[in-house]
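Shown next: final_4.cif, given as mmCIF, C-alpha atoms.
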```cif
data_work
loop_
_atom_site.label_atom_id
_atom_site.label_comp_id
_atom_site.auth_asym_id
_atom_site.auth_seq_id
_atom_site.Cartn_x
_atom_site.Cartn_y
_atom_site.Cartn_z
CA MET A 1 0.00 0.00 0.00
CA PRO A 2 1.44 3.44 -0.89
CA ASN A 3 1.62 6.28 1.59
CA PRO A 4 -2.07 6.92 2.43
CA PHE A 5 -1.56 10.60 3.28
CA PRO A 6 -1.27 13.52 0.84
CA GLY A 7 1.89 14.80 2.53
CA MET A 8 3.69 13.91 5.75
CA ASN A 9 2.68 10.59 7.28
CA PRO A 10 2.36 11.07 11.07
CA TYR A 11 3.07 7.39 11.69
CA LEU A 12 6.60 7.86 10.36
CA GLU A 13 7.38 10.14 13.32
CA ARG A 14 7.60 7.18 15.70
CA ARG A 15 10.97 7.22 17.47
CA ASP A 16 11.92 3.72 16.32
CA ILE A 17 10.95 4.49 12.69
CA TRP A 18 12.20 8.05 12.21
CA PRO A 19 15.97 7.30 12.23
CA ASP A 20 15.45 5.03 9.22
CA VAL A 21 13.31 7.66 7.48
CA HIS A 22 15.87 10.36 8.28
CA ALA A 23 18.78 8.39 6.84
CA ALA A 24 16.89 7.60 3.63
CA LEU A 25 15.63 11.16 3.25
CA ILE A 26 19.13 12.66 3.57
CA VAL A 27 20.39 10.49 0.71
CA ALA A 28 17.28 11.17 -1.39
CA ILE A 29 17.68 14.94 -0.99
CA ARG A 30 21.33 14.72 -2.00
CA ASP A 31 20.46 12.70 -5.10
CA ALA A 32 17.69 15.15 -6.05
CA LEU A 33 19.85 18.27 -5.66
CA ALA A 34 23.19 17.05 -7.03
CA PRO A 35 22.19 17.19 -10.75
CA GLN A 36 20.73 20.69 -10.27
CA VAL A 37 23.82 22.27 -8.72
CA GLU A 38 26.63 20.65 -10.73
CA PRO A 39 29.19 21.38 -12.04
CA ARG A 40 29.86 24.41 -9.86
CA TYR A 41 28.72 22.76 -6.62
CA TYR A 42 28.42 19.31 -5.09
CA VAL A 43 26.25 17.99 -2.24
CA ALA A 44 28.02 16.20 0.63
CA VAL A 45 26.54 14.11 3.43
CA GLU A 46 28.14 15.24 6.70
CA GLN A 47 27.77 13.93 10.23
CA ARG A 48 28.04 15.31 13.76
CA THR A 49 28.47 13.16 16.86
CA TYR A 50 27.76 13.88 20.50
CA ILE A 51 27.14 12.02 23.75
CA MET A 52 23.79 12.22 25.47
CA PRO A 53 22.16 10.35 28.38
CA VAL A 54 19.74 7.55 27.62
CA GLU A 55 16.32 8.74 28.68
CA ASP A 56 15.38 5.63 30.69
CA GLY A 57 18.74 5.41 32.40
CA GLU A 58 19.03 8.88 33.88
CA GLN A 59 17.45 8.16 37.26
CA ILE A 60 19.82 7.13 40.01
CA ILE A 61 18.21 4.65 42.39
CA ARG A 62 18.85 5.59 45.99
CA PRO A 63 18.38 3.26 48.99
CA ASP A 64 15.13 3.96 50.80
CA VAL A 65 16.49 2.78 54.19
CA ALA A 66 17.85 5.60 56.31
CA VAL A 67 21.15 5.32 58.17
CA VAL A 68 20.23 4.34 61.72
CA THR A 69 22.16 5.10 64.93
CA THR A 70 21.94 2.27 67.45
CA THR A 71 23.45 1.25 70.78
CA PRO A 72 26.53 -0.92 70.57
CA GLU A 73 25.84 -4.64 70.16
CA PRO A 74 28.20 -7.51 69.43
CA GLU A 75 28.57 -8.11 65.73
CA PRO A 76 27.04 -11.49 64.79
CA SER A 77 29.03 -13.90 62.69
CA GLY A 78 28.52 -13.18 59.01
CA GLY A 79 26.74 -9.89 59.77
CA VAL A 80 27.15 -6.53 58.07
CA ALA A 81 30.21 -4.40 58.62
CA VAL A 82 29.91 -1.57 61.14
CA ALA A 83 31.71 1.75 61.43
CA VAL A 84 32.45 2.95 64.95
CA THR A 85 33.11 6.60 65.75
CA THR A 86 34.02 8.18 69.08
CA GLU A 87 33.17 11.75 70.04
CA THR A 88 33.71 13.21 73.54
CA ALA A 89 33.69 9.75 75.08
CA VAL A 90 30.31 8.85 73.47
CA THR A 91 30.43 5.83 71.14
CA THR A 92 27.84 5.40 68.40
CA GLU A 93 27.44 2.75 65.74
CA THR A 94 26.34 3.48 62.14
CA THR A 95 25.06 0.68 59.92
CA VAL A 96 26.36 0.85 56.35
CA GLU A 97 23.71 -0.08 53.81
CA VAL A 98 25.05 -1.86 50.72
CA THR A 99 22.71 -1.23 47.81
CA THR A 100 22.78 -1.79 44.07
CA VAL A 101 22.17 1.50 42.24
CA ALA A 102 21.56 2.38 38.60
CA LEU A 103 23.94 4.87 37.03
CA PRO A 104 23.15 7.13 34.08
CA LEU A 105 23.52 5.47 30.71
CA TYR A 106 24.92 7.33 27.71
CA GLU A 107 24.79 6.77 24.00
CA ARG A 108 26.75 8.15 21.09
CA VAL A 109 24.35 9.98 18.74
CA ARG A 110 25.24 10.48 15.10
CA GLU A 111 23.19 12.90 13.01
CA SER A 112 23.56 13.34 9.27
CA TYR A 113 23.01 16.58 7.41
CA LEU A 114 23.87 18.00 4.00
CA GLU A 115 26.24 20.69 2.78
CA ILE A 116 26.30 22.21 -0.67
CA ARG A 117 29.94 23.06 -1.34
CA ASP A 118 31.85 24.95 -4.00
CA ALA A 119 33.49 22.38 -6.28
CA GLU A 120 36.76 24.36 -6.47
CA THR A 121 37.20 25.87 -3.02
CA HIS A 122 35.01 23.37 -1.06
CA GLU A 123 33.50 26.35 0.74
CA VAL A 124 30.13 25.61 2.33
CA VAL A 125 27.42 27.56 0.53
CA THR A 126 24.24 26.01 1.99
CA VAL A 127 23.50 23.75 4.94
CA ILE A 128 20.44 21.47 4.79
CA GLU A 129 19.17 20.01 8.05
CA VAL A 130 16.44 17.43 8.58
CA LEU A 131 15.57 17.65 12.27
CA SER A 132 15.50 14.63 14.60
CA PRO A 133 13.60 14.28 17.90
CA SER A 134 16.84 14.88 19.84
CA ASN A 135 17.12 18.31 18.17
CA LYS A 136 13.69 19.40 19.39
CA VAL A 137 13.35 18.18 22.98
CA PRO A 138 15.32 19.67 25.91
CA GLY A 139 18.72 18.10 26.39
CA GLN A 140 22.18 17.80 24.91
CA GLY A 141 20.92 17.15 21.39
CA ARG A 142 18.99 20.40 21.25
CA LEU A 143 21.85 22.37 22.80
CA GLU A 144 24.27 20.97 20.23
CA TYR A 145 21.96 21.68 17.32
CA GLU A 146 21.08 25.22 18.44
CA ALA A 147 24.80 26.00 18.79
CA LYS A 148 25.40 24.76 15.22
CA ARG A 149 22.38 26.74 14.00
CA ARG A 150 23.67 29.95 15.61
CA GLN A 151 27.02 29.50 13.90
CA VAL A 152 25.36 29.19 10.50
CA LEU A 153 23.06 32.17 11.08
CA MET A 154 26.07 34.34 11.93
CA THR A 155 27.62 33.74 8.51
CA LEU A 156 26.70 34.20 4.84
CA THR A 157 25.96 30.48 4.60
CA SER A 158 22.35 29.73 3.68
CA LEU A 159 20.24 27.36 5.77
CA VAL A 160 17.41 25.03 4.83
CA GLU A 161 15.85 23.56 7.98
CA ILE A 162 13.28 20.78 7.47
CA ASP A 163 11.10 19.98 10.48
CA LEU A 164 8.72 17.06 9.85
CA LEU A 165 8.23 16.22 13.54
CA ARG A 166 5.47 17.28 15.91
CA VAL A 167 7.43 16.35 19.03
CA GLY A 168 9.15 19.09 21.02
CA GLU A 169 9.29 22.82 20.42
CA PRO A 170 9.99 24.59 17.11
CA MET A 171 13.37 26.15 16.61
CA PRO A 172 13.68 29.81 17.74
CA MET A 173 12.00 32.27 15.37
CA LYS A 174 9.45 35.08 15.53
CA PRO A 175 6.57 34.64 15.29
CA VAL A 176 6.64 31.06 16.56
CA PRO A 177 4.73 28.90 14.04
CA LYS A 178 1.72 26.94 15.24
CA SER A 179 1.67 24.43 12.40
CA PHE A 180 2.48 20.74 12.78
CA TYR A 181 5.36 20.91 10.29
CA ARG A 182 7.60 23.63 8.90
CA ILE A 183 10.49 24.28 6.53
CA LEU A 184 12.71 27.32 6.98
CA VAL A 185 14.70 28.76 4.08
CA ARG A 186 17.21 31.38 5.17
CA ARG A 187 19.31 32.95 2.43
CA GLY A 188 22.69 33.92 3.82
CA TRP A 189 22.65 37.42 2.36
CA GLU A 190 19.28 38.23 4.01
CA GLY A 191 20.67 38.42 7.55
CA ASN A 192 18.16 37.39 10.19
CA LYS A 193 15.25 37.13 7.74
CA GLY A 194 13.96 33.77 6.57
CA THR A 195 11.06 32.33 4.61
CA LEU A 196 8.93 29.87 6.54
CA TYR A 197 6.76 27.22 4.87
CA ALA A 198 4.25 26.02 7.49
CA PHE A 199 1.84 23.17 6.76
CA GLY A 200 -0.19 20.38 8.32
CA LEU A 201 -1.31 16.85 7.60
CA ARG A 202 -3.96 17.59 5.01
CA HIS A 203 -1.76 19.06 2.30
CA PRO A 204 1.31 17.95 0.36
CA ILE A 205 4.69 19.05 1.59
CA PRO A 206 5.41 22.25 -0.37
CA GLU A 207 8.17 22.46 -2.95
CA ILE A 208 10.88 24.80 -1.67
CA PRO A 209 13.79 26.72 -3.16
CA VAL A 210 17.34 25.83 -2.15
CA PRO A 211 19.54 28.95 -2.30
CA LEU A 212 23.11 28.93 -3.56
CA ARG A 213 24.97 32.24 -3.90
CA GLN A 214 23.24 35.58 -4.26
CA GLY A 215 22.12 36.20 -7.83
CA GLU A 216 22.34 32.54 -8.86
CA LYS A 217 19.39 30.41 -9.92
CA GLU A 218 18.09 28.44 -6.94
CA ALA A 219 17.62 24.69 -6.94
CA LYS A 220 14.21 23.18 -6.22
CA LEU A 221 13.44 20.55 -3.62
CA ASN A 222 10.15 18.66 -3.77
CA LEU A 223 10.05 16.47 -0.67
CA ASN A 224 6.61 15.00 -1.28
CA PRO A 225 7.54 12.53 -4.05
CA LEU A 226 10.84 11.76 -2.29
CA LEU A 227 9.03 10.76 0.90
CA SER A 228 6.44 8.72 -1.01
CA ASP A 229 9.18 6.88 -2.87
CA ILE A 230 11.03 6.13 0.37
CA TYR A 231 7.79 4.84 1.90
CA ASP A 232 7.30 2.44 -1.02
CA ARG A 233 10.89 1.20 -1.28
CA ALA A 234 11.27 0.68 2.48
CA ARG A 235 7.89 -1.12 2.68
CA TYR A 236 6.91 0.95 5.70
CA HIS A 237 3.34 -0.31 5.47
CA LEU A 238 4.67 -3.61 6.88
CA ARG A 239 6.08 -1.86 9.96
CA LEU A 240 3.35 0.65 10.75
CA ASN A 241 0.26 -0.26 12.74
CA TYR A 242 -2.53 1.91 11.38
CA ARG A 243 -4.99 0.41 13.84
CA GLN A 244 -3.30 2.36 16.63
CA PRO A 245 -3.06 6.18 16.96
CA PRO A 246 0.22 7.76 15.86
CA ASP A 247 2.91 8.73 18.35
CA PRO A 248 2.95 11.53 19.37
CA PRO A 249 -0.86 11.71 19.52
CA LEU A 250 -2.94 14.05 17.38
CA PRO A 251 -5.71 16.46 18.42
CA PRO A 252 -9.17 14.81 18.23
CA GLU A 253 -10.25 16.62 15.06
CA GLU A 254 -7.05 15.66 13.24
CA MET A 255 -7.27 12.09 14.48
CA ALA A 256 -10.81 11.85 13.13
CA TRP A 257 -9.54 13.01 9.72
CA VAL A 258 -6.66 10.49 9.85
CA GLN A 259 -9.06 7.65 10.61
CA LYS A 260 -11.29 8.68 7.72
CA VAL A 261 -8.34 8.76 5.31
CA LEU A 262 -7.08 5.39 6.47
CA LYS A 263 -10.50 3.81 6.21
CA GLU A 264 -10.88 5.04 2.61
CA ARG A 265 -7.37 4.07 1.53
CA LEU A 266 -7.49 0.66 3.18
CA ALA A 267 -10.87 -0.04 1.56
CA ASN A 268 -9.48 0.90 -1.86
CA SER A 269 -6.43 -1.32 -1.40
CA ASP A 270 -8.54 -4.47 -0.81
#
```
Here is a file; write its structure as structure tokens.
Amino acid sequence: MPNPFPGMNPYLERRDIWPDVHAALIVAIRDALAPQVEPRYYVAVEQRTYIMPVEDGEQIIRPDVAVVTTTPEPEPSGGVAVAVTTETAVTTETTVEVTTVALPLYERVRESYLEIRDAETHEVVTVIEVLSPSNKVPGQGRLEYEAKRRQVLMTLTSLVEIDLLRVGEPMPMKPVPKSFYRILVRRGWEGNKGTLYAFGLRHPIPEIPVPLRQGEKEAKLNLNPLLSDIYDRARYHLRLNYRQPPDPPLPPEEMAWVQKVLKERLANSD
């Protein structure tokens, strides 16, 4: 079954599915842009790496038995060790609790992005980012990405920022968009001004321009057919459970529309 939605498929946002979608989309964008920008430019897949705590491993388990002060007693054979302290001729005994605790777990996160570079000088002309959940929720991933974003915005390098995720908060901009999805195109020579393409579930992902240098013809990026092709080739319909609501959940009115679309498409595929 092909992608049942006219644009972004909300079921692809699932945390265990999105990394696969992200990797495929990065390569598809490169392949779509490379013929448009040659021979003066080439499109390179780049990668950044950082360490971040695993969400389920951050809590440190502490013993729930308080340290107790008792009167001195003979230590039984095979009993726990005791620490004895003396202060102004008063002897107290403190029991040492031996407990297994969970320490924070960390993982190495690798995120791919694209750079359009000058074929002669290898200078970066445009950066293309496809956001991941770690870029949008509070934590090391967002801090790392926002630092990289600030560096780009302080230069003449153009930025194309593709946000196809409802999780987390949008990247800083004014006014803050209220749409489910958004694509930001910031031309390096326009300073702090950018063009925002905001859209929802019910419409195709808009075709966007990809800037090069000022005065040059811009490339075009049409994500909608790229995403549909990835959906077909990866056979995502075998991995997605359309009988369950998407994660993250949708507002009731949007969920009702999703159920209607799925019912119609599934009926037509029988």
Using the chain letters and numbers from the file, which residues does the PyMOL selection byres ((chain A and resi 134) around 10) grab, as a list in words?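 Those residues are Arg15, Met52, Val109, Glu111, Leu131, Ser132, Pro133, Asn135, Lys136, Val137, Pro138, Gly139, Gln140, Gly141, Arg142, Leu143, Glu144, Tyr145, Val167 and Gly168 of chain A.
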For the provided coordinates, the residues matched by the PyMOL selection byres ((chain A and resi 220) around 8) should be stated as a ChimeraX atom specification. /A:33,207-210,218-219,221-222
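CA of Val27 in chain A is positioned 28.5 Å from CA of Leu262 in chain A.
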Residues picked by the PyMOL selection byres ((chain A and resi 119) around 6) here, as a ChimeraX atom specification? /A:40-41,118,120,122
Please write the residues from the selection above to a file, keeping C-alpha atoms, as a CSV table (one decimal), keeping the file's coordinate frame.
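Result saved to result-v5.csv:
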```csv
chain,number,residue,atom,x,y,z
A,40,ARG,CA,29.9,24.4,-9.9
A,41,TYR,CA,28.7,22.8,-6.6
A,118,ASP,CA,31.8,25.0,-4.0
A,120,GLU,CA,36.8,24.4,-6.5
A,122,HIS,CA,35.0,23.4,-1.1
```
Using Å and a single decimal, report how far CA of Val185 in chain A sits from CA of Leu159 in chain A. 6.0 Å
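Taking CA of Ser179 in chain A and CA of Leu238 in chain A as endpoints, the distance between them is 28.7 Å.
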Is there a way to get, as JSON, numbers by chain, all residues within 9 Å of the point (-1.1, -0.1, -3.6) in file coordinates, counting only C-alpha atoms? {"A": [1, 2, 3, 268, 269]}
Residues near Asn9 in chain A, cut-off 10 Å, all atoms listed in the file, skip fewer than 6 positions along chain, as a list in words: Asn3, Leu164, Leu201, Arg202, Leu227, Ser228, Tyr231, Pro246 and Val258 of chain A
A:Ile128, A:Ala234, A:Ile116, A:Ala147: which is nearest Glu161 in chain A, counting only C-alpha atoms?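 The answer is A:Ile128, which sits nearest to Glu161 in chain A.
Nearest to Lys193 in chain A of all the residues A:Met154, A:Ile205, A:Ala267, A:Leu226 is A:Met154, counting only C-alpha atoms.
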Rank A:Pro172, A:Pro211, A:Gly191, A:Gly200 by their smallest atom-to-atom distance to Arg117 in chain A, using only C-alpha atoms, and report the top residue only.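 Answer, going by the shortest atom-to-atom distance: A:Pro211.
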Answer as a list in words, residues within 12 Å of (-10.2, 10.5, 10.7) using all atoms listed in the file: Phe5, Leu201, Arg202, Tyr242, Arg243, Pro245, Pro246, Leu250, Pro251, Pro252, Glu253, Glu254, Met255, Ala256, Trp257, Val258, Gln259, Lys260, Val261, Leu262, Lys263, Glu264 and Arg265 of chain A
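The residue that comes closest to Pro225 in chain A, out of A:Leu153, A:Ala32, A:Val45, A:Val37 and on the basis of all atoms listed in the file, is A:Ala32.
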Centre and edge lengths of an axis-aligned box around all listed atoms of range 109-126 of chain A, with 8 Å added on each side, are to be given in Å to one decimal, as lines of an AutoDock Vina configuration file.
```
center_x = 30.1
center_y = 18.8
center_z = 6.1
size_x = 30.2
size_y = 33.6
size_z = 41.2
```
